[in-house]
file input.txt (compact mmCIF, C-alpha atoms (C1' of nucleotides))
# COMPACT_ATOMS: atom_id res chain seq x y z
CA MET A 1 84.33 94.86 143.18
CA ASN A 2 83.69 94.69 139.46
CA PRO A 3 86.70 93.12 137.73
CA LEU A 4 86.79 95.75 135.00
CA LEU A 5 86.95 98.60 137.52
CA GLN A 6 89.60 96.71 139.41
CA HIS A 7 91.59 96.36 136.21
CA ILE A 8 91.26 100.01 135.25
CA ARG A 9 92.34 101.10 138.71
CA LYS A 10 95.61 99.25 138.27
CA PHE A 11 96.46 101.86 135.65
CA ILE A 12 94.59 105.07 136.51
CA PRO A 13 92.65 106.38 139.54
CA LEU A 14 88.86 106.39 139.30
CA ASP A 15 86.44 107.84 141.83
CA ASP A 16 83.08 106.24 142.54
CA ARG A 17 81.13 108.51 140.28
CA GLU A 18 83.52 107.85 137.38
CA ALA A 19 83.34 104.14 138.07
CA LYS A 20 79.58 104.25 137.79
CA THR A 21 79.87 106.15 134.52
CA VAL A 22 82.24 103.57 133.10
CA LEU A 23 79.96 100.66 133.89
CA SER A 24 76.92 102.43 132.45
CA TYR A 25 78.53 102.15 128.99
CA PHE A 26 79.04 98.40 129.12
CA GLU A 27 76.76 95.43 128.64
CA THR A 28 77.09 91.93 129.99
CA GLU A 29 77.24 89.22 127.36
CA SER A 30 77.51 85.45 127.48
CA PHE A 31 78.75 83.07 124.84
CA LYS A 32 78.45 79.32 124.73
CA LYS A 33 81.45 77.09 124.32
CA LYS A 34 82.54 77.10 120.65
CA GLN A 35 80.40 80.08 119.80
CA ILE A 36 81.92 82.48 117.29
CA MET A 37 82.24 86.01 118.69
CA LEU A 38 83.77 87.59 115.60
CA GLU A 39 83.88 86.25 112.06
CA GLU A 40 86.37 86.97 109.29
CA GLY A 41 85.06 89.51 106.82
CA HIS A 42 82.78 91.11 109.40
CA ILE A 43 83.49 94.36 111.19
CA CYS A 44 84.56 93.92 114.79
CA ASN A 45 81.72 95.86 116.41
CA LYS A 46 82.65 95.26 120.01
CA GLN A 47 85.53 95.16 122.39
CA TYR A 48 85.22 92.49 125.04
CA PHE A 49 86.58 92.43 128.56
CA ILE A 50 86.47 88.79 129.63
CA THR A 51 85.26 88.12 133.14
CA LYS A 52 84.91 84.35 132.84
CA GLY A 53 86.24 81.75 130.43
CA CYS A 54 88.79 81.44 127.66
CA VAL A 55 88.72 82.58 124.04
CA ARG A 56 90.97 82.32 121.04
CA PHE A 57 91.79 84.77 118.29
CA TYR A 58 92.51 82.85 115.09
CA ILE A 59 92.63 82.74 111.32
CA ASN A 60 91.61 80.24 108.73
CA ASN A 61 94.61 79.61 106.51
CA SER A 62 94.59 78.90 102.78
CA LYS A 63 94.26 75.16 103.44
CA GLY A 64 91.27 75.64 105.71
CA VAL A 65 93.32 74.97 108.84
CA GLU A 66 92.69 77.19 111.86
CA GLN A 67 95.72 78.89 113.37
CA THR A 68 95.57 80.59 116.74
CA LEU A 69 97.26 83.97 117.07
CA GLN A 70 96.23 84.76 120.62
CA PHE A 71 94.39 83.42 123.62
CA GLY A 72 92.40 85.47 126.09
CA ILE A 73 91.28 84.67 129.61
CA GLU A 74 89.80 86.46 132.62
CA ASN A 75 90.72 90.15 132.84
CA TRP A 76 91.94 90.35 129.26
CA TRP A 77 90.62 92.54 126.56
CA ILE A 78 89.93 90.92 123.24
CA ALA A 79 89.03 92.53 119.93
CA ASP A 80 90.40 93.18 116.48
CA TYR A 81 91.31 96.74 117.37
CA LEU A 82 92.11 97.67 113.80
CA SER A 83 88.75 96.53 112.52
CA PHE A 84 87.02 98.09 115.54
CA GLN A 85 88.76 101.43 115.15
CA GLU A 86 88.64 101.81 111.40
CA GLN A 87 85.36 99.97 110.92
CA ILE A 88 86.88 97.76 108.27
CA PRO A 89 86.33 94.01 107.76
CA SER A 90 88.39 91.82 110.04
CA HIS A 91 90.83 89.13 108.90
CA PHE A 92 90.30 87.20 112.11
CA TYR A 93 87.95 85.03 114.06
CA ILE A 94 87.29 85.15 117.79
CA GLN A 95 85.78 82.05 119.35
CA ALA A 96 84.77 80.98 122.85
CA ILE A 97 86.84 77.96 123.90
CA GLU A 98 84.93 77.74 127.16
CA ALA A 99 81.60 79.31 128.15
CA ILE A 100 82.26 83.03 128.29
CA GLU A 101 81.06 85.95 130.32
CA ALA A 102 82.24 89.30 129.16
CA LEU A 103 81.62 93.01 129.35
CA SER A 104 81.16 94.46 125.90
CA ILE A 105 81.20 97.92 124.44
CA ASP A 106 80.44 98.92 120.86
CA ARG A 107 82.18 101.55 118.79
CA LYS A 108 79.71 104.36 119.41
CA SER A 109 79.55 103.80 123.15
CA PHE A 110 83.32 103.52 123.28
CA GLU A 111 83.80 106.91 121.63
CA ALA A 112 81.09 108.43 123.84
CA LEU A 113 82.74 107.00 126.94
CA LEU A 114 86.12 108.40 125.96
CA LEU A 115 84.51 111.77 125.31
CA GLU A 116 82.86 111.79 128.71
CA LEU A 117 85.90 110.39 130.52
CA PRO A 118 89.00 111.34 128.52
CA LYS A 119 91.28 109.98 131.22
CA LEU A 120 90.39 106.51 129.96
CA GLU A 121 92.42 107.20 126.82
CA ARG A 122 95.44 106.66 129.02
CA TYR A 123 94.11 103.36 130.33
CA PHE A 124 93.49 102.04 126.85
CA ARG A 125 96.83 103.31 125.64
CA LEU A 126 98.59 101.40 128.38
CA ILE A 127 96.57 98.24 127.73
CA ILE A 128 97.31 98.23 124.05
CA GLN A 129 100.93 99.06 124.69
CA LYS A 130 101.18 95.90 126.77
CA SER A 131 99.49 93.84 124.08
CA PHE A 132 101.84 95.24 121.49
CA GLY A 133 104.82 94.38 123.69
CA ALA A 134 103.49 90.85 124.08
CA SER A 135 103.04 90.55 120.34
CA GLN A 136 106.63 91.61 119.71
CA THR A 137 107.93 89.22 122.31
CA ARG A 138 105.92 86.49 120.62
CA ILE A 139 107.54 87.22 117.26
CA LYS A 140 110.90 87.12 118.99
CA TYR A 141 110.17 83.64 120.33
CA LEU A 142 108.93 82.42 116.96
CA PHE A 143 112.22 83.59 115.46
CA THR A 144 114.66 82.35 118.04
CA MET A 145 113.29 79.10 119.46
CA SER A 146 112.79 75.68 117.94
CA ALA A 147 109.34 74.09 118.10
CA GLU A 148 110.30 72.06 121.13
CA GLU A 149 111.76 75.06 122.93
CA ARG A 150 108.63 77.07 122.29
CA TYR A 151 106.51 74.32 123.80
CA HIS A 152 108.64 73.98 126.92
CA HIS A 153 108.81 77.71 127.34
CA MET A 154 105.03 78.04 127.11
CA ASN A 155 104.69 75.12 129.48
CA SER A 156 106.81 76.74 132.14
CA ARG A 157 105.58 80.32 131.74
CA PHE A 158 101.86 79.73 131.17
CA PRO A 159 100.98 76.33 132.60
CA GLU A 160 97.34 77.44 133.03
CA PHE A 161 96.88 77.51 129.27
CA ILE A 162 98.25 74.03 128.75
CA GLN A 163 95.46 72.79 131.00
CA ARG A 164 92.63 74.82 129.55
CA VAL A 165 93.24 74.64 125.84
CA PRO A 166 93.07 71.67 123.42
CA GLN A 167 96.48 70.59 122.25
CA TYR A 168 95.80 71.22 118.61
CA MET A 169 95.07 74.88 119.36
CA LEU A 170 98.23 75.15 121.38
CA ALA A 171 100.20 73.57 118.55
CA SER A 172 98.85 76.11 116.08
CA TYR A 173 99.61 78.96 118.49
CA LEU A 174 103.20 77.74 118.71
CA ASP A 175 103.28 77.33 114.93
CA PHE A 176 103.72 73.63 114.43
CA SER A 177 101.48 70.65 113.71
CA PRO A 178 99.38 68.87 116.36
CA GLU A 179 101.12 65.62 115.51
CA PHE A 180 104.47 67.17 116.28
CA LEU A 181 103.24 68.40 119.66
CA SER A 182 102.10 64.90 120.43
CA LYS A 183 105.59 63.63 119.66
CA ILE A 184 107.25 66.30 121.76
CA ARG A 185 105.08 65.33 124.71
CA ALA A 186 105.93 61.67 124.24
CA GLY A 187 109.61 62.54 124.10
CA LYS A 188 109.87 61.08 120.60
CA VAL A 189 111.62 64.00 119.02
CA MET B 1 105.17 122.35 108.70
CA ASN B 2 106.95 120.13 111.18
CA PRO B 3 106.42 116.48 110.23
CA LEU B 4 105.56 115.45 113.78
CA LEU B 5 102.83 118.07 114.06
CA GLN B 6 101.56 117.05 110.67
CA HIS B 7 101.42 113.46 111.85
CA ILE B 8 99.65 114.26 115.10
CA ARG B 9 97.08 116.34 113.25
CA LYS B 10 96.10 113.32 111.19
CA PHE B 11 94.69 111.88 114.41
CA ILE B 12 93.69 114.76 116.67
CA PRO B 13 93.22 118.53 116.25
CA LEU B 14 95.94 120.77 117.64
CA ASP B 15 95.89 124.57 117.79
CA ASP B 16 99.02 126.66 117.32
CA ARG B 17 99.68 127.08 121.00
CA GLU B 18 99.37 123.36 121.64
CA ALA B 19 101.62 122.67 118.68
CA LYS B 20 104.28 124.91 120.18
CA THR B 21 103.94 123.14 123.51
CA VAL B 22 104.39 119.74 121.87
CA LEU B 23 107.57 120.74 120.10
CA SER B 24 109.04 122.27 123.25
CA TYR B 25 109.23 118.77 124.76
CA PHE B 26 111.20 117.23 121.93
CA GLU B 27 114.84 117.33 120.96
CA THR B 28 116.40 116.83 117.58
CA GLU B 29 118.89 113.99 117.36
CA SER B 30 121.05 112.58 114.60
CA PHE B 31 122.56 109.15 114.25
CA LYS B 32 125.18 107.97 111.84
CA LYS B 33 124.64 105.01 109.59
CA LYS B 34 125.08 101.79 111.60
CA GLN B 35 124.95 103.60 114.91
CA ILE B 36 123.17 101.71 117.69
CA MET B 37 120.25 103.70 119.11
CA LEU B 38 119.16 101.14 121.70
CA GLU B 39 121.11 98.16 123.02
CA GLU B 40 119.78 94.91 124.49
CA GLY B 41 119.90 94.94 128.27
CA HIS B 42 119.62 98.72 128.43
CA ILE B 43 116.49 100.62 129.30
CA CYS B 44 114.85 102.28 126.31
CA ASN B 45 115.07 105.87 127.52
CA LYS B 46 113.63 107.55 124.49
CA GLN B 47 110.90 107.34 121.95
CA TYR B 48 111.96 108.46 118.48
CA PHE B 49 109.91 109.98 115.72
CA ILE B 50 111.96 109.54 112.57
CA THR B 51 112.10 112.50 110.25
CA LYS B 52 114.83 111.20 107.94
CA GLY B 53 116.33 107.79 107.28
CA CYS B 54 115.64 104.17 108.02
CA VAL B 55 116.15 102.10 111.17
CA ARG B 56 115.70 98.51 112.20
CA PHE B 57 114.48 96.95 115.40
CA TYR B 58 116.22 93.60 115.90
CA ILE B 59 117.45 90.88 118.22
CA ASN B 60 120.59 88.87 118.52
CA ASN B 61 119.58 85.22 118.52
CA SER B 62 121.26 82.41 120.43
CA LYS B 63 123.66 81.77 117.54
CA GLY B 64 124.70 85.41 117.39
CA VAL B 65 122.67 86.04 114.24
CA GLU B 66 120.73 89.29 114.02
CA GLN B 67 117.05 89.01 113.23
CA THR B 68 114.99 92.02 112.28
CA LEU B 69 111.56 92.34 113.85
CA GLN B 70 110.62 95.72 112.42
CA PHE B 71 111.78 98.49 110.17
CA GLY B 72 111.05 102.16 110.64
CA ILE B 73 111.21 105.06 108.17
CA GLU B 74 110.13 108.68 107.96
CA ASN B 75 107.06 109.53 110.04
CA TRP B 76 107.25 106.33 112.08
CA TRP B 77 107.67 106.08 115.79
CA ILE B 78 110.26 103.66 117.04
CA ALA B 79 110.94 102.50 120.59
CA ASP B 80 110.69 99.47 122.80
CA TYR B 81 107.49 100.74 124.40
CA LEU B 82 107.51 98.08 127.09
CA SER B 83 111.01 98.95 128.21
CA PHE B 84 110.23 102.67 127.91
CA GLN B 85 107.01 102.46 129.88
CA GLU B 86 108.08 100.06 132.62
CA GLN B 87 111.70 101.20 132.74
CA ILE B 88 112.91 97.62 132.41
CA PRO B 89 115.86 96.33 130.34
CA SER B 90 115.05 95.84 126.67
CA HIS B 91 115.43 92.57 124.77
CA PHE B 92 115.97 94.46 121.56
CA TYR B 93 118.36 96.56 119.55
CA ILE B 94 117.55 99.58 117.45
CA GLN B 95 120.07 100.55 114.80
CA ALA B 96 120.31 103.22 112.13
CA ILE B 97 120.45 101.59 108.69
CA GLU B 98 120.87 104.99 107.07
CA ALA B 99 121.87 108.33 108.57
CA ILE B 100 118.99 109.29 110.84
CA GLU B 101 117.34 112.47 111.93
CA ALA B 102 114.74 112.08 114.61
CA LEU B 103 112.75 113.89 117.24
CA SER B 104 113.28 112.30 120.62
CA ILE B 105 111.52 112.46 123.93
CA ASP B 106 112.58 110.82 127.18
CA ARG B 107 110.35 109.18 129.76
CA LYS B 108 110.09 112.15 132.10
CA SER B 109 109.34 114.65 129.35
CA PHE B 110 106.85 112.23 127.85
CA GLU B 111 104.88 111.98 131.07
CA ALA B 112 105.10 115.74 131.58
CA LEU B 113 103.85 116.36 128.06
CA LEU B 114 100.91 114.02 128.56
CA LEU B 115 100.11 115.76 131.81
CA GLU B 116 100.15 119.16 130.17
CA LEU B 117 98.33 118.01 127.05
CA PRO B 118 96.20 114.99 127.98
CA LYS B 119 94.59 114.92 124.57
CA LEU B 120 97.83 113.42 123.27
CA GLU B 121 96.99 110.20 125.11
CA ARG B 122 94.50 109.62 122.33
CA TYR B 123 97.10 110.23 119.64
CA PHE B 124 99.50 107.76 121.20
CA ARG B 125 96.74 105.24 121.78
CA LEU B 126 95.83 105.36 118.10
CA ILE B 127 99.46 105.09 117.02
CA ILE B 128 100.14 102.07 119.16
CA GLN B 129 96.88 100.51 118.14
CA LYS B 130 98.03 100.70 114.54
CA SER B 131 101.41 99.21 115.41
CA PHE B 132 99.72 96.40 117.27
CA GLY B 133 97.47 95.73 114.31
CA ALA B 134 100.51 95.62 112.04
CA SER B 135 102.24 93.22 114.40
CA GLN B 136 99.26 90.87 114.38
CA THR B 137 99.03 91.02 110.62
CA ARG B 138 102.72 90.19 110.48
CA ILE B 139 102.20 87.07 112.62
CA LYS B 140 99.35 86.11 110.34
CA TYR B 141 101.63 86.30 107.32
CA LEU B 142 104.38 84.32 109.05
CA PHE B 143 101.83 81.60 109.76
CA THR B 144 100.06 81.42 106.44
CA MET B 145 102.60 82.15 103.74
CA SER B 146 105.62 80.24 102.50
CA ALA B 147 108.99 81.97 102.44
CA GLU B 148 108.61 82.74 98.76
CA GLU B 149 105.10 84.11 99.19
CA ARG B 150 106.24 86.36 102.02
CA TYR B 151 108.97 87.79 99.83
CA HIS B 152 106.70 88.47 96.88
CA HIS B 153 104.06 89.95 99.15
CA MET B 154 106.59 92.30 100.74
CA ASN B 155 107.91 93.13 97.31
CA SER B 156 104.52 94.19 96.03
CA ARG B 157 103.26 95.96 99.16
CA PHE B 158 106.43 97.71 100.33
CA PRO B 159 108.75 98.07 97.34
CA GLU B 160 110.45 101.06 99.01
CA PHE B 161 111.96 98.77 101.65
CA ILE B 162 113.37 96.34 99.13
CA GLN B 163 115.38 99.24 97.73
CA ARG B 164 116.56 100.74 100.99
CA VAL B 165 117.48 97.71 103.04
CA PRO B 166 120.26 95.11 102.59
CA GLN B 167 118.91 91.76 101.50
CA TYR B 168 120.15 89.91 104.52
CA MET B 169 118.11 92.16 106.81
CA LEU B 170 115.07 91.65 104.67
CA ALA B 171 115.60 87.89 104.77
CA SER B 172 115.75 87.92 108.55
CA TYR B 173 112.63 90.10 108.70
CA LEU B 174 110.82 87.56 106.56
CA ASP B 175 112.23 84.74 108.70
CA PHE B 176 114.44 82.84 106.31
CA SER B 177 118.12 82.73 105.44
CA PRO B 178 119.84 85.28 103.18
CA GLU B 179 120.96 82.43 100.92
CA PHE B 180 117.39 81.39 100.41
CA LEU B 181 116.37 84.93 99.49
CA SER B 182 119.13 84.97 96.95
CA LYS B 183 117.74 81.79 95.43
CA ILE B 184 114.19 83.13 95.38
CA ARG B 185 115.38 86.20 93.53
CA ALA B 186 117.27 84.07 91.03
CA GLY B 187 114.17 81.94 90.52
CA LYS B 188 116.06 78.84 91.66
CA VAL B 189 113.46 77.62 94.14
C1' DG C 1 75.05 55.11 130.01
C1' DA C 2 75.43 54.26 125.18
C1' DA C 3 76.55 56.47 120.97
C1' DA C 4 78.64 60.09 118.57
C1' DA C 5 81.96 63.51 118.18
C1' DA C 6 86.22 65.53 119.25
C1' DA C 7 90.92 65.18 120.45
C1' DC C 8 95.22 62.69 120.65
C1' DT C 9 98.89 59.22 119.13
C1' DT C 10 102.01 56.72 116.10
C1' DG C 11 105.08 55.65 112.32
C1' DA C 12 106.50 56.18 107.51
C1' DA C 13 107.44 59.10 103.75
C1' DG C 14 108.18 63.69 102.05
C1' DT C 15 109.68 68.69 101.78
C1' DA C 16 110.73 73.50 102.57
C1' DC C 17 113.77 75.11 104.14
C1' DT C 18 119.00 75.66 106.64
C1' DT C 19 123.89 75.30 106.90
C1' DC C 20 128.36 75.39 105.09
C1' DA C 21 131.97 76.90 102.20
C1' DA C 22 133.93 79.45 98.68
C1' DG C 23 133.85 82.83 95.18
C1' DA C 24 131.90 87.12 92.83
C1' DA C 25 130.00 91.61 92.94
C1' DA C 26 129.04 95.93 94.96
C1' DA C 27 129.73 99.56 98.22
C1' DA C 28 132.51 102.21 101.38
C1' DC C 29 136.70 104.16 102.57
C1' DA C 30 141.17 106.37 102.72
C1' DT D 1 141.74 105.12 92.53
C1' DG D 2 142.85 101.25 94.47
C1' DT D 3 141.94 98.61 98.68
C1' DT D 4 139.08 96.87 102.17
C1' DT D 5 134.77 95.71 103.75
C1' DT D 6 130.28 94.44 103.10
C1' DT D 7 126.83 92.13 100.64
C1' DC D 8 125.18 88.69 97.41
C1' DT D 9 125.33 84.14 94.88
C1' DT D 10 125.73 79.18 94.05
C1' DG D 11 125.53 74.26 94.81
C1' DA D 12 125.74 70.21 97.81
C1' DA D 13 124.45 68.02 101.93
C1' DG D 14 121.57 67.96 105.97
C1' DT D 15 117.43 68.55 109.13
C1' DA D 16 113.42 70.12 111.61
C1' DC D 17 109.73 69.86 110.73
C1' DT D 18 104.91 68.44 107.80
C1' DT D 19 101.59 65.40 105.80
C1' DC D 20 98.99 61.37 105.57
C1' DA D 21 96.44 57.60 107.24
C1' DA D 22 94.76 54.68 110.63
C1' DG D 23 93.90 53.54 115.24
C1' DT D 24 93.03 54.89 120.25
C1' DT D 25 91.44 57.64 123.87
C1' DT D 26 88.70 61.20 125.85
C1' DT D 27 84.80 64.19 126.02
C1' DT D 28 80.24 65.49 124.92
C1' DT D 29 75.52 64.71 124.13
C1' DC D 30 70.92 62.98 124.59
call {"tool": "encode", "arguments": {"input": "input.txt", "output": "structure tokens"}}
result
Amino acid sequence: MNPLLQHIRKFIPLDDREAKTVLSYFETESFKKKQIMLEEGHICNKQYFITKGCVRFYINNSKGVEQTLQFGIENWWIADYLSFQEQIPSHFYIQAIEAIEALSIDRKSFEALLLELPKLERYFRLIIQKSFGASQTRIKYLFTMSAEERYHHMNSRFPEFIQRVPQYMLASYLDFSPEFLSKIRAGKV
Amino acid sequence: MNPLLQHIRKFIPLDDREAKTVLSYFETESFKKKQIMLEEGHICNKQYFITKGCVRFYINNSKGVEQTLQFGIENWWIADYLSFQEQIPSHFYIQAIEAIEALSIDRKSFEALLLELPKLERYFRLIIQKSFGASQTRIKYLFTMSAEERYHHMNSRFPEFIQRVPQYMLASYLDFSPEFLSKIRAGKV
DNA sequence: GAAAAAACTTGAAGTACTTCAAGAAAAACA
DNA sequence: TGTTTTTCTTGAAGTACTTCAAGTTTTTTC
């Protein structure tokens, strides 16, 4: 079954006719490795549901260094919701770390879909609620753990990321320098 | 008009009968200054819409120091949504910084309300979407600004908080020590 | 399969903060 | 109003990281 439908059905029931309706609003898109999916200063026109590959959500700091705020893999939604919702320029970049396949929906289609199938409001509420919870937990970890603790914690809770993502991106996600990560790994801290 | 209804109507239309229905699900609660509204390890049973006063959402770190993750004032929702939704123990505290008046709704009533008035799913989706956006922006600032920059930024964007909140809570919200904030203010950095 | 590009490692020097301790000021309380 | 509690300030010493620069390894590309 389609992974998006599968995902939705974890949160709300959906009969076959509704399922068909849902899919009719989405398009399939591919992105090459390293391709930029959203650029700072642009409006986030689409929400993506990733069916294959790994992306990162990042910023370009004042020194021109890229810092990762979030990763996304299969069965995750990724978008700058604020920019998408309010149609205002985004502060963020989204980039394909691996070759990506995704289902995409633009603002107009999204509103039309919600109008036709209002029960999806609940699905999206629950999704975003989870993301918000994750974001708060992340801030908690940034506040309470040392750099080394954050690395080990990530390592034990999300080993799949450690494999899939370059170390320098991981370092920026954990909010320390790539050199320091290298030293942690070598046990030289 | 009731501040909650006013708030909801910024996002979705609501006729008088619906408005009455909404209010019938809520209770009015008061909390004294310093009273704990949610304790770590407990399930967050209620969502609060604050009509008067100021609260903080915080954790107790491994050294027993309290670190503020969020503030809330009039017309803000406050809850550990994850704990509320999944009925799992919270990692967070919520405490009244000033005397609080709030509208509260428990899990059961919340689900019943959404069942009776499904259009509210949209309202809550939009609310949480905004909170999530704010949380991401917050992480961005933590990553890109120095301690001093974060203070000045907060000072210029949210001067009302600087007035209402003890400095040591502000310092922990900005992720540095109260002593350091004192030095920033004195220009001794 | 060679060349180019990207990612990782290492050590030395520097710095933006933290921690501690003690006193002063402000706010709350009885 | 005086007393207690809470909050804020100050300086000195310490530290968890960063930055830089150069070399090495791994991955990608044609």
call {"tool": "residues_around", "arguments": {"input": "input.txt", "residues": "DA4 of chain C", "least_positions_apart": "3", "cutoff": "12 Å", "atoms": "all atoms listed in the file", "output": "MDAnalysis selection string"}}
result
chainID D and resid 27:30
call {"tool": "write_last_selection", "arguments": {"input": "input.txt", "atoms": "C-alpha atoms (C1' of nucleotides)", "output": "PDB file, in the frame of the given file"}}
result
ATOM      1  C1'  DT D  27      84.800  64.190 126.020  1.00  0.00           C
ATOM      2  C1'  DT D  28      80.240  65.490 124.920  1.00  0.00           C
ATOM      3  C1'  DT D  29      75.520  64.710 124.130  1.00  0.00           C
ATOM      4  C1'  DC D  30      70.920  62.980 124.590  1.00  0.00           C
TER       5       DC D  30
END
call {"tool": "interface_residues", "arguments": {"input": "input.txt", "of": "chain B", "to": "chain A", "cutoff": "10 Å", "atoms": "only C-alpha atoms", "output": "tab-separated table (two decimals) with C-alpha atoms, in the frame of the given file"}}
result
chain	number	residue	atom	x	y	z
B	58	TYR	CA	116.22	93.60	115.90
B	59	ILE	CA	117.45	90.88	118.22
B	60	ASN	CA	120.59	88.87	118.52
B	61	ASN	CA	119.58	85.22	118.52
B	62	SER	CA	121.26	82.41	120.43
B	63	LYS	CA	123.66	81.77	117.54
B	65	VAL	CA	122.67	86.04	114.24
B	67	GLN	CA	117.05	89.01	113.23
B	68	THR	CA	114.99	92.02	112.28
B	69	LEU	CA	111.56	92.34	113.85
B	70	GLN	CA	110.62	95.72	112.42
B	80	ASP	CA	110.69	99.47	122.80
B	81	TYR	CA	107.49	100.74	124.40
B	82	LEU	CA	107.51	98.08	127.09
B	83	SER	CA	111.01	98.95	128.21
B	85	GLN	CA	107.01	102.46	129.88
B	86	GLU	CA	108.08	100.06	132.62
B	91	HIS	CA	115.43	92.57	124.77
B	92	PHE	CA	115.97	94.46	121.56
B	114	LEU	CA	100.91	114.02	128.56
B	118	PRO	CA	96.20	114.99	127.98
B	119	LYS	CA	94.59	114.92	124.57
B	120	LEU	CA	97.83	113.42	123.27
B	121	GLU	CA	96.99	110.20	125.11
B	122	ARG	CA	94.50	109.62	122.33
B	123	TYR	CA	97.10	110.23	119.64
B	124	PHE	CA	99.50	107.76	121.20
B	125	ARG	CA	96.74	105.24	121.78
B	126	LEU	CA	95.83	105.36	118.10
B	127	ILE	CA	99.46	105.09	117.02
B	128	ILE	CA	100.14	102.07	119.16
B	129	GLN	CA	96.88	100.51	118.14
B	130	LYS	CA	98.03	100.70	114.54
B	131	SER	CA	101.41	99.21	115.41
B	132	PHE	CA	99.72	96.40	117.27
B	133	GLY	CA	97.47	95.73	114.31
B	134	ALA	CA	100.51	95.62	112.04
B	135	SER	CA	102.24	93.22	114.40
B	136	GLN	CA	99.26	90.87	114.38
B	137	THR	CA	99.03	91.02	110.62
B	138	ARG	CA	102.72	90.19	110.48
B	139	ILE	CA	102.20	87.07	112.62
B	140	LYS	CA	99.35	86.11	110.34
B	141	TYR	CA	101.63	86.30	107.32
B	142	LEU	CA	104.38	84.32	109.05
B	143	PHE	CA	101.83	81.60	109.76
B	144	THR	CA	100.06	81.42	106.44
B	145	MET	CA	102.60	82.15	103.74
B	172	SER	CA	115.75	87.92	108.55
B	173	TYR	CA	112.63	90.10	108.70
B	174	LEU	CA	110.82	87.56	106.56
B	175	ASP	CA	112.23	84.74	108.70
B	176	PHE	CA	114.44	82.84	106.31
call {"tool": "interface_residues", "arguments": {"input": "input.txt", "of": "chain C", "to": "chain B", "cutoff": "9 Å", "atoms": "all atoms listed in the file", "output": "list in words"}}
result
DA16, DC17 and DT18 of chain C
call {"tool": "residues_around", "arguments": {"input": "input.txt", "residues": "segment 10-14 of chain D", "least_positions_apart": "5", "cutoff": "12 Å", "atoms": "all atoms listed in the file", "output": "PyMOL selection string"}}
result
(chain B and resi 179-180+182-183+186+188) or (chain C and resi 17-24)
call {"tool": "interface_residues", "arguments": {"input": "input.txt", "of": "chain D", "to": "chain A", "cutoff": "9 Å", "atoms": "all atoms listed in the file", "output": "count of residues only"}}
result
3
call {"tool": "atom_distance", "arguments": {"input": "input.txt", "atom1": "atom CA of Ile12 of chain B", "atom2": "atom CA of Glu111 of chain B"}}
result
18.4 Å
call {"tool": "atom_distance", "arguments": {"input": "input.txt", "atom1": "atom CA of Leu113 of chain A", "atom2": "atom CA of Tyr25 of chain A"}}
result
6.7 Å
call {"tool": "atom_distance", "arguments": {"input": "input.txt", "atom1": "atom CA of Glu40 of chain B", "atom2": "atom CA of Lys108 of chain B"}}
result
21.2 Å
call {"tool": "residues_around", "arguments": {"input": "input.txt", "residues": "Arg107 of chain A", "least_positions_apart": "4", "cutoff": "7 Å", "atoms": "all atoms listed in the file", "output": "JSON, numbers by chain"}}
result
{"A": [45, 46, 84, 111]}
call {"tool": "residues_around", "arguments": {"input": "input.txt", "residues": "Asn75 of chain A", "least_positions_apart": "2", "cutoff": "9 Å", "atoms": "all atoms listed in the file", "output": "ChimeraX atom specification"}}
result
/A:3-4,7,49-52,72-73,77
call {"tool": "closest_residue", "arguments": {"input": "input.txt", "among": "B:Ile100, B:Ser156, B:Glu66, B:Leu14", "to": "Ala171 of chain B", "atoms": "only C-alpha atoms"}}
result
B:Glu66
call {"tool": "axis_aligned_box", "arguments": {"input": "input.txt", "around": "segment 53-56 of chain A", "padding_each_side": "4 Å", "output": "lines of an AutoDock Vina configuration file"}}
result
center_x = 88.6
center_y = 82.0
center_z = 125.7
size_x = 12.7
size_y = 9.1
size_z = 17.4
call {"tool": "build_atoms", "arguments": {"input": "input.txt", "residues": "segment 16-21 of chain B", "atoms": "N, CA, C and O atoms", "output": "PDB file, in the frame of the given file"}}
result
ATOM      1  N   ASP B  16      97.625 126.226 117.452  1.00  0.00           N
ATOM      2  CA  ASP B  16      99.020 126.660 117.320  1.00  0.00           C
ATOM      3  C   ASP B  16      99.760 126.666 118.649  1.00  0.00           C
ATOM      4  O   ASP B  16     100.949 126.336 118.715  1.00  0.00           O
ATOM      5  N   ARG B  17      99.039 127.028 119.696  1.00  0.00           N
ATOM      6  CA  ARG B  17      99.680 127.080 121.000  1.00  0.00           C
ATOM      7  C   ARG B  17     100.042 125.661 121.477  1.00  0.00           C
ATOM      8  O   ARG B  17     101.142 125.414 121.980  1.00  0.00           O
ATOM      9  N   GLU B  18      99.117 124.762 121.278  1.00  0.00           N
ATOM     10  CA  GLU B  18      99.370 123.360 121.640  1.00  0.00           C
ATOM     11  C   GLU B  18     100.535 122.801 120.829  1.00  0.00           C
ATOM     12  O   GLU B  18     101.391 122.073 121.351  1.00  0.00           O
ATOM     13  N   ALA B  19     100.552 123.148 119.554  1.00  0.00           N
ATOM     14  CA  ALA B  19     101.620 122.670 118.680  1.00  0.00           C
ATOM     15  C   ALA B  19     102.982 123.122 119.207  1.00  0.00           C
ATOM     16  O   ALA B  19     103.941 122.336 119.259  1.00  0.00           O
ATOM     17  N   LYS B  20     103.041 124.368 119.618  1.00  0.00           N
ATOM     18  CA  LYS B  20     104.280 124.910 120.180  1.00  0.00           C
ATOM     19  C   LYS B  20     104.686 124.136 121.427  1.00  0.00           C
ATOM     20  O   LYS B  20     105.855 123.785 121.618  1.00  0.00           O
ATOM     21  N   THR B  21     103.696 123.905 122.283  1.00  0.00           N
ATOM     22  CA  THR B  21     103.940 123.140 123.510  1.00  0.00           C
ATOM     23  C   THR B  21     104.538 121.773 123.181  1.00  0.00           C
ATOM     24  O   THR B  21     105.547 121.349 123.756  1.00  0.00           O
TER      25      THR B  21
END
